[in-house]
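Text of coords11.pdb (PDB, C-alpha atoms and all ligand atoms) as supplied:
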```pdb
ATOM      1  CA  MET A 186      37.169  38.455 -42.314
ATOM      2  CA  SER A 187      33.417  38.214 -42.883
ATOM      3  CA  ASN A 188      31.835  34.779 -42.843
ATOM      4  CA  PRO A 189      31.312  33.631 -46.475
ATOM      5  CA  ALA A 190      28.602  31.175 -45.431
ATOM      6  CA  THR A 191      26.538  33.901 -43.830
ATOM      7  CA  THR A 192      27.391  37.061 -45.761
ATOM      8  CA  ASP A 193      27.286  36.538 -49.496
ATOM      9  CA  SER A 194      29.390  39.170 -51.203
ATOM     10  CA  ALA A 195      27.140  38.956 -54.287
ATOM     11  CA  VAL A 196      23.961  38.681 -52.212
ATOM     12  CA  VAL A 197      21.454  36.246 -53.661
ATOM     13  CA  TYR A 198      18.217  37.602 -52.274
ATOM     14  CA  ASP A 199      15.819  35.093 -50.678
ATOM     15  CA  ASN A 200      12.677  35.150 -52.826
ATOM     16  CA  VAL A 201      11.690  31.496 -52.300
ATOM     17  CA  PHE A 202       8.229  32.423 -51.018
ATOM     18  CA  THR A 203       7.452  35.466 -53.140
ATOM     19  CA  THR A 204       4.870  33.578 -55.218
ATOM     20  CA  PRO A 205       1.931  31.610 -53.783
ATOM     21  CA  LEU A 206       2.903  27.979 -53.324
ATOM     22  CA  ASP A 207       0.897  24.841 -53.400
ATOM     23  CA  LYS A 208      -0.353  24.658 -49.771
ATOM     24  CA  ALA A 209       1.058  21.163 -49.465
ATOM     25  CA  ALA A 210       4.588  22.089 -50.601
ATOM     26  CA  ARG A 211       7.019  21.250 -47.813
ATOM     27  CA  PHE A 212      10.157  23.207 -47.083
ATOM     28  CA  SER A 213      13.279  21.473 -48.304
ATOM     29  CA  PHE A 214      16.973  22.339 -48.379
ATOM     30  CA  ASP A 215      17.242  22.170 -52.162
ATOM     31  CA  GLU A 216      19.259  24.159 -54.742
ATOM     32  CA  GLN A 217      16.853  27.105 -54.599
ATOM     33  CA  VAL A 218      17.272  27.436 -50.825
ATOM     34  CA  VAL A 219      21.032  26.830 -50.983
ATOM     35  CA  ALA A 220      21.468  29.662 -53.497
ATOM     36  CA  CYS A 221      19.992  32.276 -51.156
ATOM     37  CA  PHE A 222      20.764  30.581 -47.816
ATOM     38  CA  PRO A 223      23.125  33.233 -46.373
ATOM     39  CA  ASP A 224      20.503  35.926 -46.975
ATOM     40  CA  MET A 225      17.643  33.713 -45.746
ATOM     41  CA  ILE A 226      19.245  32.733 -42.454
ATOM     42  CA  ARG A 227      20.485  36.240 -41.699
ATOM     43  CA  ARG A 228      17.037  37.780 -42.250
ATOM     44  CA  SER A 229      15.080  34.906 -40.621
ATOM     45  CA  VAL A 230      16.951  33.951 -37.451
ATOM     46  CA  PRO A 231      17.122  36.635 -34.759
ATOM     47  CA  GLY A 232      20.573  36.707 -33.202
ATOM     48  CA  TYR A 233      22.124  34.291 -35.707
ATOM     49  CA  GLY A 234      25.318  36.335 -36.077
ATOM     50  CA  GLN A 235      25.692  36.839 -32.335
ATOM     51  CA  MET A 236      25.269  33.125 -31.638
ATOM     52  CA  LEU A 237      27.888  32.188 -34.205
ATOM     53  CA  ALA A 238      30.269  34.820 -32.860
ATOM     54  CA  MET A 239      30.416  33.067 -29.479
ATOM     55  CA  LEU A 240      31.347  29.648 -30.879
ATOM     56  CA  PRO A 241      35.109  30.278 -31.145
ATOM     57  CA  ILE A 242      35.079  31.783 -27.649
ATOM     58  CA  PHE A 243      33.413  28.651 -26.222
ATOM     59  CA  ALA A 244      35.724  26.431 -28.243
ATOM     60  CA  LYS A 245      38.796  28.186 -26.910
ATOM     61  CA  ARG A 246      37.672  27.578 -23.319
ATOM     62  CA  HIS A 247      36.495  23.999 -23.652
ATOM     63  CA  CYS A 248      38.379  22.248 -26.456
ATOM     64  CA  GLN A 249      41.181  20.300 -24.878
ATOM     65  CA  ALA A 250      42.950  18.775 -27.873
ATOM     66  CA  GLY A 251      41.610  15.385 -26.919
ATOM     67  CA  GLN A 252      42.621  13.633 -30.166
ATOM     68  CA  VAL A 253      45.767  12.790 -32.072
ATOM     69  CA  ASN A 254      45.604  13.414 -35.846
ATOM     70  CA  SER A 255      47.135  11.319 -38.638
ATOM     71  CA  GLU A 256      50.413  13.231 -38.276
ATOM     72  CA  GLY A 257      50.636  12.464 -34.581
ATOM     73  CA  LYS A 258      49.712  16.019 -33.487
ATOM     74  CA  ARG A 259      47.189  16.715 -30.743
ATOM     75  CA  VAL A 260      44.016  18.345 -32.087
ATOM     76  CA  SER A 261      40.515  19.152 -30.913
ATOM     77  CA  ARG A 262      37.873  17.404 -32.981
ATOM     78  CA  VAL A 263      34.671  19.404 -33.475
ATOM     79  CA  TYR A 264      31.467  18.318 -35.188
ATOM     80  CA  ASP A 265      29.183  20.804 -36.940
ATOM     81  CA  LEU A 266      25.986  18.749 -37.357
ATOM     82  CA  GLY A 267      23.486  20.119 -39.877
ATOM     83  CA  CYS A 268      26.229  22.398 -41.146
ATOM     84  CA  SER A 269      24.352  23.867 -44.167
ATOM     85  CA  LEU A 270      26.983  26.068 -45.866
ATOM     86  CA  GLY A 271      29.424  25.774 -42.964
ATOM     87  CA  GLY A 272      28.519  29.026 -41.190
ATOM     88  CA  ALA A 273      29.320  27.638 -37.733
ATOM     89  CA  THR A 274      32.502  25.965 -38.951
ATOM     90  CA  MET A 275      33.740  29.220 -40.444
ATOM     91  CA  ALA A 276      32.780  31.134 -37.304
ATOM     92  CA  LEU A 277      34.986  28.764 -35.277
ATOM     93  CA  LEU A 278      37.937  29.580 -37.470
ATOM     94  CA  ASN A 279      37.650  33.352 -37.232
ATOM     95  CA  GLU A 280      40.135  35.449 -35.346
ATOM     96  CA  LYS A 281      38.110  35.503 -32.077
ATOM     97  CA  GLY A 282      39.045  31.903 -31.382
ATOM     98  CA  GLY A 283      42.655  32.419 -32.256
ATOM     99  CA  PHE A 284      43.081  28.784 -33.244
ATOM    100  CA  GLY A 285      46.139  27.907 -35.318
ATOM    101  CA  LYS A 286      45.643  26.054 -38.622
ATOM    102  CA  GLU A 287      46.415  22.701 -37.090
ATOM    103  CA  GLU A 288      44.614  22.948 -33.779
ATOM    104  CA  LEU A 289      41.118  21.981 -34.882
ATOM    105  CA  GLN A 290      39.854  19.040 -36.864
ATOM    106  CA  ILE A 291      36.326  19.888 -38.005
ATOM    107  CA  LYS A 292      33.783  17.459 -39.389
ATOM    108  CA  ALA A 293      30.805  19.222 -40.949
ATOM    109  CA  VAL A 294      27.803  17.001 -41.653
ATOM    110  CA  ASP A 295      24.567  17.687 -43.526
ATOM    111  CA  ILE A 296      21.911  15.495 -45.120
ATOM    112  CA  SER A 297      21.397  17.822 -48.117
ATOM    113  CA  PRO A 298      23.865  17.166 -50.951
ATOM    114  CA  ALA A 299      23.076  20.623 -52.387
ATOM    115  CA  MET A 300      24.263  22.136 -49.071
ATOM    116  CA  THR A 301      27.386  20.014 -48.659
ATOM    117  CA  GLN A 302      28.490  20.569 -52.265
ATOM    118  CA  LYS A 303      28.418  24.334 -51.796
ATOM    119  CA  ALA A 304      29.876  24.122 -48.267
ATOM    120  CA  GLU A 305      32.792  22.126 -49.641
ATOM    121  CA  VAL A 306      33.532  24.826 -52.241
ATOM    122  CA  LEU A 307      33.261  27.705 -49.731
ATOM    123  CA  LEU A 308      35.431  25.961 -47.139
ATOM    124  CA  GLN A 309      38.049  24.987 -49.693
ATOM    125  CA  GLU A 310      38.154  28.565 -51.050
ATOM    126  CA  ASN A 311      38.414  30.200 -47.648
ATOM    127  CA  TYR A 312      40.242  27.676 -45.479
ATOM    128  CA  PRO A 313      42.281  25.503 -47.867
ATOM    129  CA  GLU A 314      44.883  24.609 -45.257
ATOM    130  CA  HIS A 315      42.576  23.647 -42.413
ATOM    131  CA  ASP A 316      41.603  20.114 -41.481
ATOM    132  CA  ILE A 317      37.904  20.179 -42.430
ATOM    133  CA  GLU A 318      35.904  17.266 -43.751
ATOM    134  CA  VAL A 319      32.436  17.838 -45.227
ATOM    135  CA  ILE A 320      30.226  14.761 -45.011
ATOM    136  CA  THR A 321      26.828  14.187 -46.633
ATOM    137  CA  ALA A 322      24.892  12.090 -44.126
ATOM    138  CA  ASP A 323      21.814  11.861 -41.965
ATOM    139  CA  ILE A 324      22.908  12.681 -38.414
ATOM    140  CA  ARG A 325      20.473  10.038 -37.185
ATOM    141  CA  GLY A 326      22.537   6.883 -37.016
ATOM    142  CA  PHE A 327      25.730   8.773 -37.902
ATOM    143  CA  GLU A 328      28.682   7.403 -35.974
ATOM    144  CA  LEU A 329      30.627  10.117 -34.183
ATOM    145  CA  GLU A 330      34.279   9.697 -33.270
ATOM    146  CA  PRO A 331      35.519  10.938 -29.887
ATOM    147  CA  CYS A 332      35.360  14.747 -29.870
ATOM    148  CA  ASP A 333      35.693  17.875 -27.737
ATOM    149  CA  MET A 334      32.788  19.923 -29.076
ATOM    150  CA  VAL A 335      29.574  19.372 -31.002
ATOM    151  CA  ILE A 336      27.550  22.161 -32.611
ATOM    152  CA  LEU A 337      23.879  21.539 -33.375
ATOM    153  CA  ASN A 338      22.893  24.937 -34.693
ATOM    154  CA  LEU A 339      19.196  25.040 -35.690
ATOM    155  CA  THR A 340      19.190  21.388 -36.762
ATOM    156  CA  LEU A 341      17.633  19.205 -34.043
ATOM    157  CA  GLN A 342      14.336  21.011 -34.717
ATOM    158  CA  PHE A 343      14.169  19.383 -38.171
ATOM    159  CA  LEU A 344      14.398  15.812 -36.830
ATOM    160  CA  PRO A 345      11.245  13.892 -35.926
ATOM    161  CA  PRO A 346      10.811  14.416 -32.154
ATOM    162  CA  GLU A 347      11.063  10.669 -31.491
ATOM    163  CA  ASP A 348      14.599  10.616 -32.983
ATOM    164  CA  ARG A 349      16.011  13.511 -30.976
ATOM    165  CA  THR A 350      16.984  11.661 -27.785
ATOM    166  CA  GLN A 351      19.030   9.057 -29.659
ATOM    167  CA  VAL A 352      20.955  11.722 -31.574
ATOM    168  CA  LEU A 353      21.764  13.527 -28.316
ATOM    169  CA  GLN A 354      22.716  10.218 -26.690
ATOM    170  CA  ASN A 355      25.218   9.545 -29.489
ATOM    171  CA  ILE A 356      26.652  13.024 -29.035
ATOM    172  CA  TYR A 357      26.975  12.589 -25.268
ATOM    173  CA  ASN A 358      28.680   9.224 -25.718
ATOM    174  CA  ALA A 359      31.178  10.630 -28.242
ATOM    175  CA  LEU A 360      32.149  13.729 -26.243
ATOM    176  CA  ASN A 361      35.296  13.547 -24.158
ATOM    177  CA  ASP A 362      34.962  14.416 -20.478
ATOM    178  CA  GLY A 363      35.037  18.208 -20.310
ATOM    179  CA  GLY A 364      33.546  18.477 -23.807
ATOM    180  CA  ILE A 365      30.564  20.634 -24.758
ATOM    181  CA  LEU A 366      27.467  20.573 -26.925
ATOM    182  CA  VAL A 367      26.103  23.890 -28.212
ATOM    183  CA  LEU A 368      22.450  23.446 -29.130
ATOM    184  CA  THR A 369      20.563  26.289 -30.818
ATOM    185  CA  GLU A 370      16.862  25.965 -31.578
ATOM    186  CA  LYS A 371      13.656  27.737 -32.385
ATOM    187  CA  THR A 372      11.506  27.181 -29.292
ATOM    188  CA  HIS A 373       8.063  27.795 -27.810
ATOM    189  CA  THR A 374       7.152  28.375 -24.169
ATOM    190  CA  GLY A 375       3.931  26.366 -23.838
ATOM    191  CA  ASP A 376       2.053  29.447 -22.617
ATOM    192  CA  GLU A 377      -0.520  30.370 -25.253
ATOM    193  CA  GLN A 378      -0.397  34.105 -24.656
ATOM    194  CA  ASP A 379       3.386  34.314 -24.468
ATOM    195  CA  ASP A 380       3.815  32.174 -27.558
ATOM    196  CA  ALA A 381       1.336  34.272 -29.530
ATOM    197  CA  TRP A 382       3.254  37.422 -28.557
ATOM    198  CA  LEU A 383       6.653  35.899 -29.380
ATOM    199  CA  VAL A 384       5.496  34.594 -32.749
ATOM    200  CA  GLU A 385       3.895  37.922 -33.695
ATOM    201  CA  ARG A 386       7.049  39.835 -32.763
ATOM    202  CA  TYR A 387       9.052  37.265 -34.736
ATOM    203  CA  TYR A 388       6.908  38.054 -37.790
ATOM    204  CA  ASP A 389       7.490  41.758 -37.099
ATOM    205  CA  PHE A 390      11.210  41.001 -37.091
ATOM    206  CA  LYS A 391      10.830  39.342 -40.504
ATOM    207  CA  ARG A 392       8.733  42.242 -41.827
ATOM    208  CA  ALA A 393      11.421  44.650 -40.626
ATOM    209  CA  ASN A 394      13.922  42.568 -42.587
ATOM    210  CA  GLY A 395      11.969  42.993 -45.800
ATOM    211  CA  TYR A 396       9.764  39.877 -45.916
ATOM    212  CA  SER A 397       6.209  40.376 -47.213
ATOM    213  CA  GLU A 398       3.029  38.885 -45.691
ATOM    214  CA  LEU A 399       2.942  36.369 -48.542
ATOM    215  CA  GLU A 400       6.517  35.253 -47.874
ATOM    216  CA  ILE A 401       5.926  34.979 -44.125
ATOM    217  CA  SER A 402       2.760  32.908 -44.476
ATOM    218  CA  GLY A 403       4.230  30.829 -47.340
ATOM    219  CA  LYS A 404       7.218  29.811 -45.221
ATOM    220  CA  ARG A 405       5.046  29.188 -42.161
ATOM    221  CA  ASN A 406       2.908  26.738 -44.182
ATOM    222  CA  ALA A 407       5.901  25.025 -45.759
ATOM    223  CA  LEU A 408       7.559  24.515 -42.355
ATOM    224  CA  GLU A 409       4.470  23.008 -40.750
ATOM    225  CA  ASN A 410       5.331  19.501 -39.520
ATOM    226  CA  VAL A 411       8.881  19.977 -40.870
ATOM    227  CA  LEU A 412      10.235  22.234 -38.111
ATOM    228  CA  ILE A 413       8.781  21.090 -34.778
ATOM    229  CA  THR A 414       9.800  23.139 -31.750
ATOM    230  CA  ASP A 415      10.283  22.030 -28.139
ATOM    231  CA  THR A 416      10.223  24.150 -24.994
ATOM    232  CA  LEU A 417      13.475  25.006 -23.230
ATOM    233  CA  ASP A 418      12.369  22.732 -20.378
ATOM    234  CA  GLN A 419      11.970  19.817 -22.790
ATOM    235  CA  HIS A 420      15.448  20.468 -24.174
ATOM    236  CA  HIS A 421      17.138  20.646 -20.774
ATOM    237  CA  GLN A 422      15.220  17.574 -19.608
ATOM    238  CA  ARG A 423      16.351  15.599 -22.668
ATOM    239  CA  LEU A 424      19.948  16.743 -22.203
ATOM    240  CA  SER A 425      19.813  15.557 -18.614
ATOM    241  CA  GLU A 426      18.236  12.221 -19.616
ATOM    242  CA  VAL A 427      21.095  11.374 -21.973
ATOM    243  CA  GLY A 428      23.656  12.096 -19.249
ATOM    244  CA  PHE A 429      24.649  15.772 -19.344
ATOM    245  CA  ASN A 430      24.780  16.748 -15.703
ATOM    246  CA  ARG A 431      24.728  20.470 -16.457
ATOM    247  CA  SER A 432      23.149  22.545 -19.209
ATOM    248  CA  LEU A 433      22.108  26.167 -19.396
ATOM    249  CA  THR A 434      20.517  28.617 -21.790
ATOM    250  CA  TRP A 435      23.197  31.160 -22.597
ATOM    251  CA  PHE A 436      21.348  33.146 -25.287
ATOM    252  CA  GLN A 437      17.761  33.979 -26.113
ATOM    253  CA  PHE A 438      16.250  36.286 -28.730
ATOM    254  CA  LEU A 439      12.450  36.115 -29.128
ATOM    255  CA  ASN A 440      11.585  32.451 -29.812
ATOM    256  CA  PHE A 441      15.156  31.394 -30.599
ATOM    257  CA  ALA A 442      17.527  30.139 -27.918
ATOM    258  CA  SER A 443      20.936  28.606 -27.587
ATOM    259  CA  MET A 444      21.963  26.171 -24.878
ATOM    260  CA  ILE A 445      25.276  24.748 -23.793
ATOM    261  CA  ALA A 446      25.625  21.314 -22.193
ATOM    262  CA  PHE A 447      28.734  20.190 -20.331
ATOM    263  CA  LYS A 448      30.010  16.611 -20.088
TER     264      LYS A 448
HETATM  265  C1  LIG B   1      24.241  27.186 -39.614
HETATM  266  N1  LIG B   1      23.831  24.944 -38.751
HETATM  267  O1  LIG B   1      24.339  27.972 -40.576
HETATM  268  N2  LIG B   1      20.826  15.046 -40.845
HETATM  269  C2  LIG B   1      21.722  16.010 -41.220
HETATM  270  N3  LIG B   1      21.353  17.269 -41.537
HETATM  271  C3  LIG B   1      20.058  17.581 -41.469
HETATM  272  C4  LIG B   1      19.078  16.630 -41.093
HETATM  273  C5  LIG B   1      19.511  15.321 -40.770
HETATM  274  N4  LIG B   1      18.656  14.371 -40.420
HETATM  275  N5  LIG B   1      17.848  17.217 -41.133
HETATM  276  C6  LIG B   1      18.061  18.509 -41.521
HETATM  277  N6  LIG B   1      19.387  18.719 -41.739
HETATM  278  C7  LIG B   1      23.546  25.872 -39.847
HETATM  279  C8  LIG B   1      22.079  26.082 -40.074
HETATM  280  S1  LIG B   1      19.852  24.863 -41.142
HETATM  281  C9  LIG B   1      18.739  25.773 -40.182
HETATM  282  C10 LIG B   1      21.276  24.810 -40.090
HETATM  283  C11 LIG B   1      17.682  26.472 -40.946
HETATM  284  C12 LIG B   1      20.042  19.949 -42.164
HETATM  285  C13 LIG B   1      19.413  20.653 -43.367
HETATM  286  O2  LIG B   1      19.784  20.050 -44.584
HETATM  287  C14 LIG B   1      19.905  22.082 -43.192
HETATM  288  O3  LIG B   1      21.067  22.336 -43.928
HETATM  289  C15 LIG B   1      20.188  22.204 -41.695
HETATM  290  O4  LIG B   1      19.947  20.900 -41.130
HETATM  291  C16 LIG B   1      19.304  23.199 -40.968
HETATM  292  O5  LIG B   1      24.692  27.446 -38.483
HETATM  293  O6  LIG B   1      17.740  26.516 -42.166
HETATM  294  O7  LIG B   1      16.754  27.004 -40.243
END
```
structure tokens encoding of this file:
Amino acid sequence: MSNPATTDSAVVYDNVFTTPLDKAARFSFDEQVVACFPDMIRRSVPGYGQMLAMLPIFAKRHCQAGQVNSEGKRVSRVYDLGCSLGGATMALLNEKGGFGKEELQIKAVDISPAMTQKAEVLLQENYPEHDIEVITADIRGFELEPCDMVILNLTLQFLPPEDRTQVLQNIYNALNDGGILVLTEKTHTGDEQDDAWLVERYYDFKRANGYSELEISGKRNALENVLITDTLDQHHQRLSEVGFNRSLTWFQFLNFASMIAFK
């Protein structure tokens, strides 16, 4: 089954930046973005589909049914933090993972009510019998229950840098021994020449996916000071600081990378 959060059957084309915007307009996850989000993320994030496709495979290896649900059954609790429309949650439930209906308890959290309202509808339509809770909350200061897996897919990058360590600390503390964090981010290398090349090829990628110069520059301006990237070294260093004794980069596509950290 295709992922309804990432492949809209009636595709709503992303035309958020087709008209010149006020230079000061900041990017926000509002109704306009929600409406075209599956198209936007697919055409804007290199490797998005491949990264999601590995989530059930990782979950199958590392989720150890560390919790007991309200019916007394052992389940693996998974958090999808910054879930948007639930793309990662739905990827976990696809056939690659081979999880039974009652094996996972998923808590999908996002700060944008427009996102969580639509995620709730999509998840209810597609997975009515699964144990999935959609929560509208800021992941900073959000209390996590003990869990086996946490997914932070393209979300940490939207938090102010000074808040990132505390969020990761809370995740580390909540994970059961043997649990994993999958952290996917837009990154930079810190080398001026390499970064210039990566960013230019990223814009080529967007052009190849149908975005115009106006759309590319409009989004770049709107994301300034909203999406702040770190280097892979900074990420691994932070993961180590909060207690993860092992983390590695398992996927990289231009300036996007996904890491896995093991507790
Ligand atoms: C996917 N993971 O499809 N607390 C909670 N949510 C937040 C916060 C916060 N403080 N700040 C931003 N968000 C998804 C894609 S999108 C990535 C994630 C992108 C949310 C925000 O509302 C948005 O839904 C999400 O983080 C980032 O696998 O659009 O590039």
> If you count only C-alpha atoms and all ligand atoms, which residues end up within 8 Å of ligand LIG 1 (chain B), as a PyMOL selection string?
Replying inline: chain A and resi 190-191+213-214+222-223+226+230+233+237+265-274+294-297+300+321-325+336-341+343-344
> Around (38.7, 16.6, -39.2) in the file's own coordinates, what residues are found within 9 Å if you use all atoms listed in the file, given back as a ChimeraX atom specification?
Replying inline: /A:254,261-264,289-293,315-319
>> What does the structure give for the distance between CA of Val197 in chain A and CA of Val367 in chain A, in Å to one decimal?
In response: 28.7 Å
>> Set the distance at 9 Å and use all atoms listed in the file: which residues neighbour range 353-357 of chain A once local chain neighbours fewer than 6 positions away are removed? I'd like the list as a PyMOL selection string.
In response: chain A and resi 326-329+332+335+364-366+423-424+426-429+448
> Counting only C-alpha atoms, what is within 12 Å of Asp389 in chain A, bar same-chain residues fewer than 5 positions away, as an MDAnalysis selection string?
Replying inline: chainID A and resid 228:229 231 382:384 394:398 401 439
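Taking CA of Lys286 in chain A and CA of Met334 in chain A as endpoints, the distance between them is 17.1 Å.
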>> Using only C-alpha atoms for the distances, tell me which of A:Gln235, A:Asn440, A:Gln351, A:Gln217 is nearest to Asp380 in chain A.
In response: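 Closest residue, counting only C-alpha atoms: A:Asn440.
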> Exactly which residues make up the result of the PyMOL selection byres (((chain A and resi 370) around 6) and not hetatm) on this file, given as a ChimeraX atom specification?
Replying inline: /A:339,369,371-372,441-442
> What does the PyMOL selection byres (((chain A and resi 248-251) around 6) and not hetatm) select in this file, as a list in words?
Replying inline: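 After applying the PyMOL selection byres (((chain A and resi 248-251) around 6) and not hetatm), what remains is Ala244, Lys245, His247, Gln252, Arg259, Val260, Ser261 and Asp333 of chain A.
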> What is the distance, in Å and to one decimal place, between CA of Ala220 in chain A and CA of Asn200 in chain A?
Replying inline: 10.4 Å
> Hey, what comes out of the PyMOL selection byres (((chain A and resi 307) around 10) and not hetatm) on this file? Could you write it as a ChimeraX atom specification?
Replying inline: /A:188-190,270-272,275,301-306,308-313
> When distances are computed from only C-alpha atoms, which of A:Ala393, A:Asp348, A:His373, A:Lys404 shows the smallest separation from Val218 in chain A?
Replying inline: A:Lys404
